[in-house]
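Participant: Below you'll find the structure I mean.
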Amino acid sequence: MKTCFFNSGFKFKNFKVLDNRNAKEKSEIISEAEVVILAGGHVPTQNIFFQQINLKNELKTSNKIIIGFSAGSMNCSEEVYAQPELQGESLDPNYKRFLKGLRIKKSQI
């Protein structure tokens, strides 16, 4: 993703990834960011991570440009429809198809 942005003419002073490896530094990483990119992946897994780091509140108190791709854009909704993706999810009676999102936007993707 970083290479794609650079090849398109976007220049960054810093480019940091926030994940389980540095989640304890979330407030500092987000406060230093000018742009927050919510990338793709498995919707429920990303949703759980966003809940664990309380991303909703971190973003609520900031004035950041937020860009969502795929699962990242889906998890921006008030209510997220997490369609089954992985083997067995569609047959699992405990699979949750509707999740609480970041509430950045009302519409679902």
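A note on labels: chains of the structure tokens are A, B, ... as shown, every chain counts residues from 1, and ligands are counted from 1 in their shown order.
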Which residues of region 86-107 of chain A come within 8 Å of region 40-61 of chain A, and for each one, what is the closest pair of atoms and their distance in Å to one decimal, counting only C-alpha atoms, sorted by chain and residue number, as a Markdown table?
Facilitator:
| residue | atom | partner | partner_atom | distance |
| --- | --- | --- | --- | --- |
| A:Leu99 | CA | A:Asn47 | CA | 7.8 |
| A:Gly101 | CA | A:Asn47 | CA | 7.1 |
| A:Leu102 | CA | A:Lys56 | CA | 5.0 |
| A:Arg103 | CA | A:Lys56 | CA | 7.4 |
Participant: Identify, on the basis of only C-alpha atoms, every residue whose closest approach to Asn14 (chain A) does not exceed 12 Å; exclude the query and any residue fewer than 3 positions from it along the same chain; express the result as a count of residues only.
Facilitator: 10
Participant: Using only C-alpha atoms, which protein or nucleic acid residues come within 8 Å of Val80 (chain A)? Drop anything in the same chain fewer than 6 positions from it, and give the result as a ChimeraX atom specification.
Facilitator: /A:74,97-101,108-109
Participant: Let me make sure I understand: among A:Lys26, A:Asn7, A:Phe15, A:Lys105, which one has the smallest atom-to-atom distance to Ile66 (chain A) if we use only C-alpha atoms?
Facilitator: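 Closest candidate: A:Lys105.
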Participant: As a list of chain:residue names, please: every residue in region 19-106 of chain A that DSSP puts in strand (DSSP E or B).
Facilitator: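 Filtering region 19-106 of chain A down to strand (DSSP E or B) leaves A:Val35, A:Val36, A:Ile37, A:Leu38, A:Ile65, A:Ile66, A:Ile67, A:Gly68, A:Ser77, A:Glu79, A:Val80, A:Tyr81, A:Phe98, A:Leu99, A:Lys100, A:Lys105.
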Participant: Between A:Thr3, A:Leu38, A:Asp19, A:Ile104, which one has atoms that come closest to Ile67 (chain A), using only C-alpha atoms?
Facilitator: A:Leu38
Participant: Calculate how many Å separate CA of Glu28 (chain A) from CA of Ala82 (chain A), rounding to one decimal.
Facilitator: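 Spanning CA of Glu28 (chain A) to CA of Ala82 (chain A) is a straight-line distance of 29.5 Å.
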Participant: So how far away is CA of Ala39 (chain A) from CA of Gly68 (chain A), in Å?
Facilitator: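 A separation of 6.0 Å between them.
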Participant: How would you write, as a PyMOL selection string, the set of residues in chain A that DSSP gives as alpha helix (DSSP H)?
Facilitator: chain A and resi 2-7+26-32+43-52+55-60+71-74
